[in-house]
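Q: Got a structure for you, data.txt, holding compact mmCIF, C-alpha atoms.
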# COMPACT_ATOMS: atom_id res chain seq x y z
CA MET A 270 -32.05 40.75 -1.54
CA GLY A 271 -31.16 42.83 -4.56
CA THR A 272 -33.36 43.18 -7.60
CA LEU A 273 -30.81 43.51 -10.40
CA PRO A 274 -29.91 40.21 -12.05
CA PRO A 275 -26.19 39.49 -11.70
CA THR A 276 -23.64 39.33 -14.48
CA PRO A 277 -22.76 35.66 -15.05
CA SER A 278 -19.34 34.26 -14.26
CA GLN A 279 -17.04 32.93 -16.97
CA THR A 280 -13.82 30.95 -16.63
CA VAL A 281 -10.57 32.81 -16.04
CA GLY A 282 -9.21 30.77 -18.99
CA PRO A 283 -5.58 29.83 -19.60
CA PHE A 284 -4.10 33.24 -20.42
CA TYR A 285 -4.53 35.40 -17.30
CA GLY A 286 -0.88 34.81 -16.40
CA TYR A 287 0.43 38.08 -17.81
CA ALA A 288 -2.49 40.09 -16.42
CA LEU A 289 -3.52 39.06 -12.91
CA PRO A 290 -0.43 37.82 -11.01
CA PHE A 291 1.88 40.56 -9.82
CA PRO A 292 5.38 40.56 -8.28
CA GLY A 293 5.12 40.09 -4.54
CA GLY A 294 1.50 38.97 -4.79
CA GLU A 295 2.22 36.14 -2.35
CA GLU A 296 4.14 38.29 0.12
CA LEU A 297 1.52 39.67 2.47
CA ALA A 298 3.77 39.86 5.52
CA PRO A 299 6.17 42.79 5.76
CA ALA A 300 9.66 41.55 4.87
CA GLY A 301 11.47 40.11 7.87
CA HIS A 302 8.47 40.25 10.21
CA PRO A 303 9.23 37.78 13.01
CA GLY A 304 5.66 36.46 13.18
CA THR A 305 5.56 35.48 9.50
CA ILE A 306 3.95 32.19 8.56
CA THR A 307 3.84 30.43 5.19
CA VAL A 308 0.72 28.70 3.96
CA ARG A 309 1.26 26.61 0.86
CA GLY A 310 -0.27 23.77 -1.05
CA THR A 311 -1.11 22.17 -4.37
CA VAL A 312 -4.29 22.50 -6.38
CA TYR A 313 -5.43 19.09 -7.67
CA ASP A 314 -8.00 18.04 -10.24
CA GLY A 315 -10.32 15.04 -10.12
CA ALA A 316 -7.66 12.70 -11.52
CA GLY A 317 -5.27 13.71 -8.75
CA ALA A 318 -3.13 15.71 -11.19
CA PRO A 319 -1.81 19.11 -10.14
CA VAL A 320 -3.49 22.12 -11.75
CA PRO A 321 -0.81 24.41 -13.22
CA ASP A 322 -3.24 27.12 -14.32
CA ALA A 323 -5.14 27.99 -11.17
CA LEU A 324 -5.14 31.29 -9.31
CA VAL A 325 -5.53 31.39 -5.53
CA GLU A 326 -6.55 34.62 -3.79
CA VAL A 327 -6.49 35.22 -0.04
CA TRP A 328 -8.23 37.91 1.99
CA GLN A 329 -7.82 37.99 5.75
CA ALA A 330 -7.78 40.04 8.92
CA GLY A 331 -4.47 41.37 10.13
CA PRO A 332 -2.71 40.26 13.31
CA ASP A 333 -4.76 42.90 15.16
CA GLY A 334 -8.06 41.47 13.86
CA SER A 335 -8.68 44.47 11.64
CA LEU A 336 -10.55 43.96 8.38
CA ALA A 337 -9.92 47.48 7.13
CA GLY A 338 -7.21 46.28 4.73
CA ALA A 339 -5.00 48.83 3.05
CA PRO A 340 -4.31 49.92 -0.51
CA GLY A 341 -0.97 49.15 -2.11
CA SER A 342 -1.08 45.42 -2.80
CA LEU A 343 -0.11 46.07 -6.40
CA ARG A 344 1.46 49.50 -5.96
CA ARG A 345 2.85 50.74 -9.25
CA ASP A 346 5.67 52.99 -10.30
CA PRO A 347 4.03 55.98 -12.01
CA VAL A 348 7.17 56.58 -14.09
CA THR A 349 7.57 53.15 -15.67
CA GLY A 350 4.20 51.57 -14.89
CA ALA A 351 6.05 48.60 -13.38
CA VAL A 352 4.91 47.03 -10.12
CA ALA A 353 6.77 48.75 -7.31
CA GLY A 354 5.37 46.28 -4.80
CA ARG A 355 3.96 46.65 -1.33
CA HIS A 356 5.81 49.13 0.83
CA GLY A 357 5.69 46.73 3.76
CA ILE A 358 4.35 49.21 6.28
CA ASP A 359 0.63 48.50 6.10
CA PHE A 360 -0.86 45.03 6.07
CA THR A 361 -3.07 45.00 2.95
CA GLY A 362 -4.79 41.71 3.75
CA PHE A 363 -4.90 40.64 0.10
CA ALA A 364 -2.67 38.09 -1.63
CA ARG A 365 -2.72 36.49 -5.05
CA SER A 366 -0.76 33.38 -6.01
CA ALA A 367 -0.83 31.74 -9.44
CA THR A 368 -0.03 28.03 -9.28
CA ASP A 369 3.33 27.08 -10.78
CA ALA A 370 3.96 24.29 -13.29
CA ALA A 371 3.63 21.78 -10.42
CA GLY A 372 0.28 23.19 -9.29
CA HIS A 373 1.86 24.75 -6.22
CA TRP A 374 0.76 28.02 -4.58
CA PHE A 375 1.82 29.83 -1.41
CA VAL A 376 1.36 32.96 0.65
CA ARG A 377 3.68 34.37 3.28
CA THR A 378 1.52 36.18 5.78
CA LEU A 379 0.81 36.97 9.40
CA PRO A 380 -1.68 34.84 11.34
CA PRO A 381 -5.12 36.49 11.35
CA ALA A 382 -6.54 37.47 14.71
CA PRO A 383 -10.25 37.14 15.52
CA HIS A 384 -12.25 40.10 14.28
CA ARG A 385 -14.55 39.89 17.31
CA SER A 386 -14.38 37.99 20.53
CA GLY A 387 -15.37 34.37 19.95
CA ALA A 388 -14.82 34.40 16.18
CA VAL A 389 -12.52 31.76 14.74
CA PRO A 390 -10.16 33.57 12.37
CA HIS A 391 -9.51 32.15 8.94
CA LEU A 392 -8.00 33.03 5.60
CA ALA A 393 -10.83 33.54 3.09
CA VAL A 394 -9.86 31.90 -0.18
CA CYS A 395 -11.12 32.29 -3.73
CA VAL A 396 -9.93 29.84 -6.40
CA PHE A 397 -10.01 30.40 -10.15
CA ALA A 398 -8.80 28.01 -12.86
CA ARG A 399 -8.99 27.23 -16.52
CA GLY A 400 -11.83 24.72 -16.76
CA LEU A 401 -13.62 26.24 -13.78
CA LEU A 402 -16.62 28.22 -15.03
CA HIS A 403 -17.35 29.87 -11.69
CA HIS A 404 -14.80 30.50 -8.95
CA LEU A 405 -14.89 28.63 -5.62
CA TYR A 406 -14.60 29.88 -2.04
CA THR A 407 -13.20 28.05 0.93
CA ARG A 408 -11.70 28.80 4.36
CA ILE A 409 -8.22 28.06 5.65
CA HIS A 410 -8.09 27.53 9.41
CA LEU A 411 -4.83 27.15 11.29
CA PRO A 412 -4.47 24.08 13.52
CA GLU A 413 -3.92 26.16 16.67
CA HIS A 414 -7.57 27.21 16.44
CA ALA A 415 -8.81 23.61 16.33
CA THR A 416 -10.44 23.77 19.77
CA ALA A 417 -12.40 26.93 19.06
CA LEU A 418 -13.22 25.63 15.60
CA SER A 419 -14.91 22.52 16.97
CA THR A 420 -17.77 24.69 18.24
CA ASP A 421 -18.07 26.73 15.03
CA PRO A 422 -21.61 26.02 13.72
CA LEU A 423 -20.65 25.62 10.06
CA PHE A 424 -17.67 23.41 10.88
CA ALA A 425 -19.62 21.30 13.36
CA ALA A 426 -22.40 20.73 10.83
CA LEU A 427 -20.00 19.17 8.31
CA PRO A 428 -19.64 15.40 8.10
CA PRO A 429 -16.61 14.58 10.29
CA ASN A 430 -14.65 13.13 7.36
CA ARG A 431 -14.84 16.44 5.45
CA ARG A 432 -13.81 18.80 8.25
CA ALA A 433 -10.08 18.26 7.82
CA THR A 434 -10.20 19.81 4.34
CA LEU A 435 -10.68 23.21 6.00
CA VAL A 436 -7.71 22.99 8.36
CA ALA A 437 -4.12 23.57 7.27
CA ALA A 438 -1.60 21.03 8.52
CA GLU A 439 1.57 22.23 10.22
CA GLU A 440 4.53 20.85 8.28
CA ARG A 441 7.11 22.47 10.52
CA PRO A 442 6.95 25.49 12.80
CA GLY A 443 5.55 28.40 10.79
CA THR A 444 4.84 26.43 7.62
CA TYR A 445 1.39 25.04 6.91
CA ARG A 446 0.07 22.93 4.07
CA PHE A 447 -3.37 23.46 2.58
CA ASP A 448 -4.03 21.44 -0.58
CA ILE A 449 -7.07 22.28 -2.65
CA HIS A 450 -8.88 19.35 -4.30
CA LEU A 451 -11.26 20.78 -6.89
CA GLN A 452 -12.74 17.30 -7.28
CA ALA A 453 -12.05 14.11 -5.32
CA GLY A 454 -13.56 11.18 -3.50
CA ALA A 455 -15.67 11.12 -0.36
CA SER A 456 -13.41 12.82 2.14
CA GLU A 457 -10.66 14.45 0.06
CA GLU A 458 -12.65 16.95 -1.99
CA THR A 459 -12.22 20.39 -0.43
CA VAL A 460 -15.33 21.83 1.19
CA PHE A 461 -16.35 24.79 -0.97
CA LEU A 462 -18.77 27.44 0.20
CA ALA A 463 -21.72 29.32 -1.27
CA PHE A 464 -22.83 32.78 -0.09
CA PRO A 465 -26.42 33.36 -1.17
CA MET B 247 -9.95 9.86 -27.25
CA THR B 248 -11.16 11.22 -30.60
CA PRO B 249 -11.93 14.91 -30.36
CA SER B 250 -15.61 15.78 -30.62
CA THR B 251 -16.94 17.54 -33.67
CA GLN B 252 -18.74 20.86 -33.56
CA ALA B 253 -21.93 18.93 -34.34
CA ASP B 254 -21.45 16.79 -31.20
CA VAL B 255 -20.82 19.83 -29.02
CA SER B 256 -23.67 21.82 -30.58
CA ALA B 257 -26.05 18.95 -29.84
CA GLU B 258 -24.92 18.91 -26.20
CA ILE B 259 -25.31 22.68 -26.00
CA ALA B 260 -28.84 22.46 -27.43
CA ALA B 261 -29.80 19.74 -24.93
CA LEU B 262 -28.71 21.87 -21.98
CA ARG B 263 -30.06 25.22 -23.14
CA GLY B 264 -32.67 26.63 -20.78
CA THR B 265 -32.13 23.89 -18.20
CA ARG B 266 -31.31 26.35 -15.41
CA PRO B 267 -33.96 29.04 -15.85
CA GLY B 268 -33.25 32.21 -13.92
CA LEU B 269 -29.79 31.08 -12.83
CA ALA B 270 -27.11 33.46 -14.00
CA HIS B 271 -23.95 31.51 -13.32
CA PRO B 272 -22.87 28.48 -15.31
CA ASP B 273 -23.06 24.98 -13.90
CA ARG B 274 -19.44 24.14 -13.06
CA ALA B 275 -20.07 20.64 -14.42
CA TYR B 276 -21.12 21.94 -17.86
CA ALA B 277 -19.87 19.07 -20.04
CA PRO B 278 -19.64 20.76 -23.47
CA TYR B 279 -16.70 22.74 -22.01
CA ARG B 280 -14.39 19.73 -21.82
CA SER B 281 -11.86 21.17 -19.36
CA SER B 282 -14.57 21.36 -16.71
CA ALA B 283 -14.77 17.55 -16.40
CA LEU B 284 -12.09 17.12 -13.74
CA ARG B 285 -12.16 20.65 -12.35
CA HIS B 286 -15.55 20.98 -10.69
CA PRO B 287 -16.52 19.74 -7.24
CA ARG B 288 -18.86 16.74 -7.25
CA LYS B 289 -20.31 17.57 -3.86
CA PRO B 290 -22.77 20.43 -3.48
CA LEU B 291 -21.33 23.64 -2.06
CA VAL B 292 -21.91 24.20 1.65
CA VAL B 293 -24.26 27.16 2.02
CA VAL B 294 -23.07 29.80 4.48
CA ARG B 295 -26.14 31.47 5.99
CA ASP B 296 -24.16 33.54 8.45
CA PRO B 297 -20.92 34.64 6.79
CA GLU B 298 -17.99 35.79 8.89
CA ALA B 299 -17.00 39.46 8.76
CA VAL B 300 -13.94 38.58 6.67
CA GLU B 301 -16.29 37.28 3.98
CA LEU B 302 -18.43 40.41 4.05
CA SER B 303 -15.48 42.77 3.78
CA GLY B 304 -12.83 42.84 1.11
CA PRO B 305 -9.52 44.14 -0.14
CA VAL B 306 -9.13 47.83 -0.84
CA PHE B 307 -7.12 49.39 -3.62
CA GLY B 308 -5.92 52.96 -3.94
CA THR B 309 -4.44 55.50 -6.28
CA THR B 310 -1.04 53.86 -5.91
CA ASP B 311 -2.31 50.56 -7.33
CA VAL B 312 -2.98 51.91 -10.83
CA THR B 313 -1.31 54.42 -13.10
CA GLU B 314 -3.03 56.65 -15.64
CA LEU B 315 -1.67 54.64 -18.56
CA ASP B 316 -3.22 51.43 -17.28
CA THR B 317 -6.62 52.38 -18.73
CA ASP B 318 -5.27 52.93 -22.25
CA LEU B 319 -4.05 49.67 -23.80
CA THR B 320 -3.11 51.49 -27.01
CA ARG B 321 -0.43 53.61 -25.34
CA GLN B 322 1.65 51.04 -23.51
CA HIS B 323 4.32 50.73 -26.22
CA THR B 324 6.25 53.09 -28.49
CA GLY B 325 3.91 52.58 -31.45
CA GLU B 326 0.19 52.19 -32.07
CA PRO B 327 -1.30 48.68 -32.03
CA LEU B 328 -3.01 47.37 -35.14
CA GLY B 329 -6.76 46.93 -35.04
CA GLU B 330 -10.06 48.66 -34.55
CA ARG B 331 -9.62 51.27 -31.79
CA MET B 332 -12.45 51.20 -29.29
CA THR B 333 -13.48 52.39 -25.89
CA VAL B 334 -15.44 50.28 -23.45
CA THR B 335 -17.11 51.80 -20.44
CA GLY B 336 -19.83 50.97 -17.98
CA ARG B 337 -20.75 50.85 -14.32
CA VAL B 338 -20.06 48.25 -11.67
CA LEU B 339 -23.12 47.88 -9.43
CA ASP B 340 -24.27 45.62 -6.66
CA ARG B 341 -27.62 43.83 -6.87
CA ASP B 342 -29.33 46.74 -5.16
CA GLY B 343 -28.11 49.03 -7.93
CA ARG B 344 -25.59 50.81 -5.74
CA PRO B 345 -22.34 51.79 -7.47
CA VAL B 346 -19.22 49.91 -6.42
CA ARG B 347 -16.81 52.78 -5.81
CA GLY B 348 -13.03 52.87 -5.91
CA GLN B 349 -12.68 49.19 -6.69
CA LEU B 350 -10.24 47.46 -8.96
CA VAL B 351 -11.20 46.42 -12.49
CA GLU B 352 -8.65 44.34 -14.40
CA ILE B 353 -8.90 43.32 -18.05
CA TRP B 354 -6.91 41.18 -20.47
CA GLN B 355 -7.49 40.26 -24.09
CA ALA B 356 -6.08 38.92 -27.36
CA ASN B 357 -4.76 41.31 -30.00
CA ALA B 358 -6.64 42.17 -33.21
CA ALA B 359 -5.40 38.96 -34.84
CA GLY B 360 -6.68 36.79 -31.99
CA ARG B 361 -3.32 36.12 -30.31
CA TYR B 362 -2.51 36.58 -26.63
CA ALA B 363 0.88 37.89 -25.54
CA HIS B 364 1.24 34.65 -23.60
CA GLN B 365 3.95 32.07 -24.20
CA ARG B 366 1.49 29.20 -24.13
CA ASP B 367 -0.75 30.66 -26.84
CA GLY B 368 0.28 28.57 -29.85
CA HIS B 369 -2.20 30.10 -32.32
CA PRO B 370 -0.16 30.96 -35.44
CA ALA B 371 -1.46 34.51 -35.68
CA PRO B 372 0.94 37.45 -35.44
CA LEU B 373 1.93 39.01 -32.16
CA ASP B 374 1.71 42.80 -32.13
CA PRO B 375 4.84 44.44 -30.68
CA ASN B 376 2.70 47.43 -29.77
CA PHE B 377 0.02 45.55 -27.88
CA THR B 378 0.15 43.53 -24.68
CA GLY B 379 -3.55 43.51 -23.88
CA VAL B 380 -3.57 44.17 -20.13
CA GLY B 381 -5.37 47.03 -18.40
CA ARG B 382 -6.66 48.05 -15.00
CA CYS B 383 -8.47 50.93 -13.39
CA ARG B 384 -10.43 51.88 -10.29
CA THR B 385 -14.11 52.68 -10.53
CA ASP B 386 -15.15 56.29 -9.90
CA ASP B 387 -17.85 57.51 -7.51
CA ASP B 388 -20.57 56.36 -9.92
CA GLY B 389 -18.96 52.93 -10.16
CA ARG B 390 -17.79 53.75 -13.66
CA TYR B 391 -14.81 52.21 -15.42
CA ALA B 392 -13.43 53.06 -18.88
CA PHE B 393 -10.77 51.56 -21.11
CA THR B 394 -9.33 52.45 -24.50
CA THR B 395 -8.14 49.42 -26.43
CA ILE B 396 -8.47 47.65 -29.77
CA LYS B 397 -11.12 45.10 -30.60
CA PRO B 398 -9.75 41.60 -29.95
CA GLY B 399 -9.96 38.95 -32.67
CA PRO B 400 -11.62 35.53 -32.40
CA TYR B 401 -9.26 32.58 -32.05
CA PRO B 402 -9.21 28.79 -32.28
CA TRP B 403 -8.87 26.48 -29.29
CA ARG B 404 -8.85 22.76 -28.71
CA ASN B 405 -12.10 22.01 -26.93
CA HIS B 406 -13.24 20.12 -30.04
CA THR B 407 -12.38 20.06 -33.73
CA ASN B 408 -12.78 23.50 -35.33
CA ALA B 409 -13.59 25.22 -32.01
CA TRP B 410 -13.36 29.02 -32.14
CA ARG B 411 -13.87 31.50 -29.31
CA PRO B 412 -15.97 34.57 -30.12
CA ALA B 413 -14.06 37.82 -29.58
CA HIS B 414 -14.07 38.74 -25.90
CA ILE B 415 -12.37 40.78 -23.20
CA HIS B 416 -11.67 39.12 -19.83
CA PHE B 417 -12.79 41.15 -16.80
CA SER B 418 -11.84 40.70 -13.13
CA LEU B 419 -13.89 42.65 -10.55
CA PHE B 420 -13.95 43.27 -6.84
CA GLY B 421 -16.92 44.41 -4.79
CA ARG B 422 -17.16 45.65 -1.23
CA ALA B 423 -17.18 42.05 -0.02
CA PHE B 424 -14.64 39.40 -1.03
CA THR B 425 -17.65 37.15 -1.72
CA GLN B 426 -18.78 39.54 -4.49
CA ARG B 427 -15.70 38.68 -6.51
CA LEU B 428 -16.30 38.11 -10.22
CA VAL B 429 -14.19 37.00 -13.17
CA THR B 430 -16.06 37.00 -16.45
CA GLN B 431 -15.84 37.80 -20.17
CA MET B 432 -17.42 40.57 -22.21
CA TYR B 433 -18.55 39.77 -25.76
CA PHE B 434 -19.37 41.93 -28.79
CA PRO B 435 -22.87 42.26 -30.28
CA GLY B 436 -23.74 40.17 -33.32
CA ASP B 437 -20.76 37.81 -33.18
CA PRO B 438 -21.59 34.82 -35.43
CA LEU B 439 -19.58 32.47 -33.18
CA PHE B 440 -21.94 32.76 -30.17
CA PRO B 441 -23.99 29.60 -30.80
CA TYR B 442 -20.90 27.43 -31.27
CA ASP B 443 -19.03 28.45 -28.10
CA PRO B 444 -19.42 26.18 -25.06
CA ILE B 445 -18.00 28.77 -22.66
CA LEU B 446 -20.58 31.46 -23.47
CA GLN B 447 -23.31 28.83 -23.86
CA ALA B 448 -22.48 27.47 -20.40
CA VAL B 449 -24.76 30.28 -19.30
CA THR B 450 -27.87 28.38 -20.30
CA ASP B 451 -30.43 31.06 -19.40
CA ASP B 452 -30.97 33.26 -22.49
CA ALA B 453 -31.47 36.51 -20.59
CA ALA B 454 -28.42 35.89 -18.41
CA ARG B 455 -26.26 35.08 -21.43
CA ASP B 456 -27.36 38.30 -23.14
CA ARG B 457 -25.97 40.21 -20.14
CA LEU B 458 -22.45 39.16 -21.19
CA VAL B 459 -22.79 41.03 -24.49
CA ALA B 460 -21.82 44.70 -24.60
CA ALA B 461 -23.98 47.22 -26.49
CA TYR B 462 -22.56 49.29 -29.30
CA ASP B 463 -23.23 52.90 -28.29
CA HIS B 464 -22.81 55.47 -31.04
CA ASP B 465 -22.76 58.30 -28.51
CA LEU B 466 -19.59 56.79 -27.07
CA SER B 467 -17.88 56.69 -30.45
CA VAL B 468 -15.38 59.48 -30.94
CA PRO B 469 -15.36 61.08 -34.42
CA GLU B 470 -12.29 60.17 -36.47
CA TRP B 471 -10.97 58.14 -33.56
CA SER B 472 -12.76 55.19 -31.92
CA LEU B 473 -15.92 53.10 -31.62
CA GLY B 474 -17.74 52.94 -28.29
CA TYR B 475 -19.19 50.02 -26.37
CA ARG B 476 -21.15 50.06 -23.13
CA TRP B 477 -21.21 47.19 -20.65
CA ASP B 478 -22.58 47.39 -17.12
CA ILE B 479 -21.68 44.74 -14.58
CA VAL B 480 -23.78 43.61 -11.61
CA LEU B 481 -21.90 41.77 -8.88
CA ASP B 482 -23.60 38.86 -7.18
CA GLY B 483 -22.95 38.32 -3.53
CA PRO B 484 -24.27 37.60 -0.10
CA ALA B 485 -27.52 39.19 0.97
CA ALA B 486 -25.89 39.92 4.33
CA THR B 487 -23.80 43.05 4.75
CA TRP B 488 -21.19 44.10 7.24
CA ILE B 489 -20.46 47.69 8.15
CA GLU B 490 -17.56 48.60 10.34
CA GLU B 491 -17.77 51.88 12.12
CA GLY B 492 -15.65 54.59 10.55
CA ARG B 493 -14.83 52.64 7.44
Rewrite the coordinates I just gave you, this time as structure tokens.
A:
Amino acid sequence: MGTLPPTPSQTVGPFYGYALPFPGGEELAPAGHPGTITVRGTVYDGAGAPVPDALVEVWQAGPDGSLAGAPGSLRRDPVTGAVAGRHGIDFTGFARSATDAAGHWFVRTLPPAPHRSGAVPHLAVCVFARGLLHHLYTRIHLPEHATALSTDPLFAALPPNRRATLVAAEERPGTYRFDIHLQAGASEETVFLAFP
Amino acid sequence: MTPSTQADVSAEIAALRGTRPGLAHPDRAYAPYRSSALRHPRKPLVVVRDPEAVELSGPVFGTTDVTELDTDLTRQHTGEPLGERMTVTGRVLDRDGRPVRGQLVEIWQANAAGRYAHQRDGHPAPLDPNFTGVGRCRTDDDGRYAFTTIKPGPYPWRNHTNAWRPAHIHFSLFGRAFTQRLVTQMYFPGDPLFPYDPILQAVTDDAARDRLVAAYDHDLSVPEWSLGYRWDIVLDGPAATWIEEGR
């Protein structure tokens, strides 16, 4: 345990939209990759209204299970300063999606492979929003890992009615839905995680 | 619903001050910040004692992700922005005091008149054609970041009647682990708006709140050019670590 006291969190506020999102932020998978999947959803508040000013970040292992990542998520043109975008050769592992006016976010990515034998791969997610004073973490699991997931200690320790909030639903082949409920009733509120 | 007055909000702030001694981060349910009401989970977070490797590693950024001009917010247009030119620098550290090297630091801020270059900012203060207010850099081997910019102005918002934000710069930081992620705001010493602001006061521990305020550092001021501020950042995060061979 460290000894320095941490710098407190503050809300991302309403005006990050011209600073944090970048072109291609959602496009983790190299263009045209045949194994590409889309994970998408809506961020909801406690009244069930979509949240149009949230920011969803994803960090994940590549299809080979590697967690090395790669630079170049927001590669810039040194001449104009504009975002040149990922070059599509390396899998950077990092995506950023600002919700649109309907509260909708998405990432196009490759399914993560287990980092070690026996691990259940997931997309690590960090959510920011106006009104949220401290960001929230959760995990997106894909339904094809449901069997392995049932023996995952953290998952198994959750009340059964909350487990489904951590599993994306397949809408059609290759497209998964993962809604994020910042606040909701007994079983709908997304399970958020703390890392002490 | 009738908007609250500053007196209402100040009374709520006073009632909550010091209620979370030693805790750095704000309570997500902090009621004086009205927008938090429907945007915080009601259930306690699930504590992860044994994080997965993906949560103990994190994205990497490289020289291609930033350009030299990204650290100087006064040189992003053809002319000079209006305002008080300043530099802000400091180190990004983990809780053990180790520098966070080569990681991305992103900032955004209002212009000197307190207006963001954002379509939804309806504050009737002038936009500055020579100032956007966005910067980024990567920390050096000592964990150091540095930006040249202008001092942002305070601005009104609609949390309650006559609500004003103290001047601040938004910071976004990455650590070695994705679970060290931090988005926060840096404030300026001696701002008279501090006691009235429910976002800053959401940090109810006095010592923790003070850590959000930069120090004026005369040695960082450049003669005939700019004023200097110093602000170090300590990233919170899991006690566990993950080291991959060869990384």
Q: Compute the set of chain B residues within 7 Å of chain A, using all atoms listed in the file, and express it as a PyMOL selection string.
A: chain B and resi 270-272+274+281-282+284-288+291-294+300-301+303-308+310-313+341-343+354+364+380+425+428-431+454+457-458+479-485
Q: Keeping C-alpha atoms, export the residues of the selection given above as a PDB file, keeping the file's coordinate frame.
A:
ATOM      1  CA  ALA B 270     -27.110  33.460 -14.000  1.00  0.00           C
ATOM      2  CA  HIS B 271     -23.950  31.510 -13.320  1.00  0.00           C
ATOM      3  CA  PRO B 272     -22.870  28.480 -15.310  1.00  0.00           C
ATOM      4  CA  ARG B 274     -19.440  24.140 -13.060  1.00  0.00           C
ATOM      5  CA  SER B 281     -11.860  21.170 -19.360  1.00  0.00           C
ATOM      6  CA  SER B 282     -14.570  21.360 -16.710  1.00  0.00           C
ATOM      7  CA  LEU B 284     -12.090  17.120 -13.740  1.00  0.00           C
ATOM      8  CA  ARG B 285     -12.160  20.650 -12.350  1.00  0.00           C
ATOM      9  CA  HIS B 286     -15.550  20.980 -10.690  1.00  0.00           C
ATOM     10  CA  PRO B 287     -16.520  19.740  -7.240  1.00  0.00           C
ATOM     11  CA  ARG B 288     -18.860  16.740  -7.250  1.00  0.00           C
ATOM     12  CA  LEU B 291     -21.330  23.640  -2.060  1.00  0.00           C
ATOM     13  CA  VAL B 292     -21.910  24.200   1.650  1.00  0.00           C
ATOM     14  CA  VAL B 293     -24.260  27.160   2.020  1.00  0.00           C
ATOM     15  CA  VAL B 294     -23.070  29.800   4.480  1.00  0.00           C
ATOM     16  CA  VAL B 300     -13.940  38.580   6.670  1.00  0.00           C
ATOM     17  CA  GLU B 301     -16.290  37.280   3.980  1.00  0.00           C
ATOM     18  CA  SER B 303     -15.480  42.770   3.780  1.00  0.00           C
ATOM     19  CA  GLY B 304     -12.830  42.840   1.110  1.00  0.00           C
ATOM     20  CA  PRO B 305      -9.520  44.140  -0.140  1.00  0.00           C
ATOM     21  CA  VAL B 306      -9.130  47.830  -0.840  1.00  0.00           C
ATOM     22  CA  PHE B 307      -7.120  49.390  -3.620  1.00  0.00           C
ATOM     23  CA  GLY B 308      -5.920  52.960  -3.940  1.00  0.00           C
ATOM     24  CA  THR B 310      -1.040  53.860  -5.910  1.00  0.00           C
ATOM     25  CA  ASP B 311      -2.310  50.560  -7.330  1.00  0.00           C
ATOM     26  CA  VAL B 312      -2.980  51.910 -10.830  1.00  0.00           C
ATOM     27  CA  THR B 313      -1.310  54.420 -13.100  1.00  0.00           C
ATOM     28  CA  ARG B 341     -27.620  43.830  -6.870  1.00  0.00           C
ATOM     29  CA  ASP B 342     -29.330  46.740  -5.160  1.00  0.00           C
ATOM     30  CA  GLY B 343     -28.110  49.030  -7.930  1.00  0.00           C
ATOM     31  CA  TRP B 354      -6.910  41.180 -20.470  1.00  0.00           C
ATOM     32  CA  HIS B 364       1.240  34.650 -23.600  1.00  0.00           C
ATOM     33  CA  VAL B 380      -3.570  44.170 -20.130  1.00  0.00           C
ATOM     34  CA  THR B 425     -17.650  37.150  -1.720  1.00  0.00           C
ATOM     35  CA  LEU B 428     -16.300  38.110 -10.220  1.00  0.00           C
ATOM     36  CA  VAL B 429     -14.190  37.000 -13.170  1.00  0.00           C
ATOM     37  CA  THR B 430     -16.060  37.000 -16.450  1.00  0.00           C
ATOM     38  CA  GLN B 431     -15.840  37.800 -20.170  1.00  0.00           C
ATOM     39  CA  ALA B 454     -28.420  35.890 -18.410  1.00  0.00           C
ATOM     40  CA  ARG B 457     -25.970  40.210 -20.140  1.00  0.00           C
ATOM     41  CA  LEU B 458     -22.450  39.160 -21.190  1.00  0.00           C
ATOM     42  CA  ILE B 479     -21.680  44.740 -14.580  1.00  0.00           C
ATOM     43  CA  VAL B 480     -23.780  43.610 -11.610  1.00  0.00           C
ATOM     44  CA  LEU B 481     -21.900  41.770  -8.880  1.00  0.00           C
ATOM     45  CA  ASP B 482     -23.600  38.860  -7.180  1.00  0.00           C
ATOM     46  CA  GLY B 483     -22.950  38.320  -3.530  1.00  0.00           C
ATOM     47  CA  PRO B 484     -24.270  37.600  -0.100  1.00  0.00           C
ATOM     48  CA  ALA B 485     -27.520  39.190   0.970  1.00  0.00           C
TER      49      ALA B 485
END
Q: Could you state the separation of CA of Arg366 in chain B and CA of Thr378 in chain B in Å, given to one decimal place?
A: 14.4 Å
Q: Go through B:Arg384, B:Ala486, B:Gly268, B:Thr248 and flag the residue nearest Asp452 in chain B, using all atoms listed in the file for the distances.
A: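 Smallest separation from Asp452 in chain B among the options: B:Gly268.
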Q: I want to know what sits within 9 Å of Arg347 in chain B, based on all atoms listed in the file, with residues of the same chain fewer than 4 positions away left out; could you give that as a PyMOL selection string?
A: chain B and resi 338-339+384-390+421-422
Q: Measure the distance from CA of Arg432 in chain A to CA of Pro412 in chain A in Å and round it to one decimal.
A: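 Atom-to-atom, CA of Arg432 in chain A and CA of Pro412 in chain A are spaced 12.0 Å apart.
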Q: Grab all the atoms of range 338-343 of chain A that the file lists, wrap them in a box along x, y and z, add 6 Å per side, and give me centre plus edge lengths in Å (one decimal) as JSON.
A:
{"center_x": -3.7, "center_y": 47.7, "center_z": -0.8, "size_x": 19.1, "size_y": 16.5, "size_z": 23.1}
Q: State, in Å with one decimal place, the distance from CA of Leu379 in chain A to CA of Pro332 in chain A.
A: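 According to the coordinates, CA of Leu379 in chain A and CA of Pro332 in chain A are separated by 6.2 Å.
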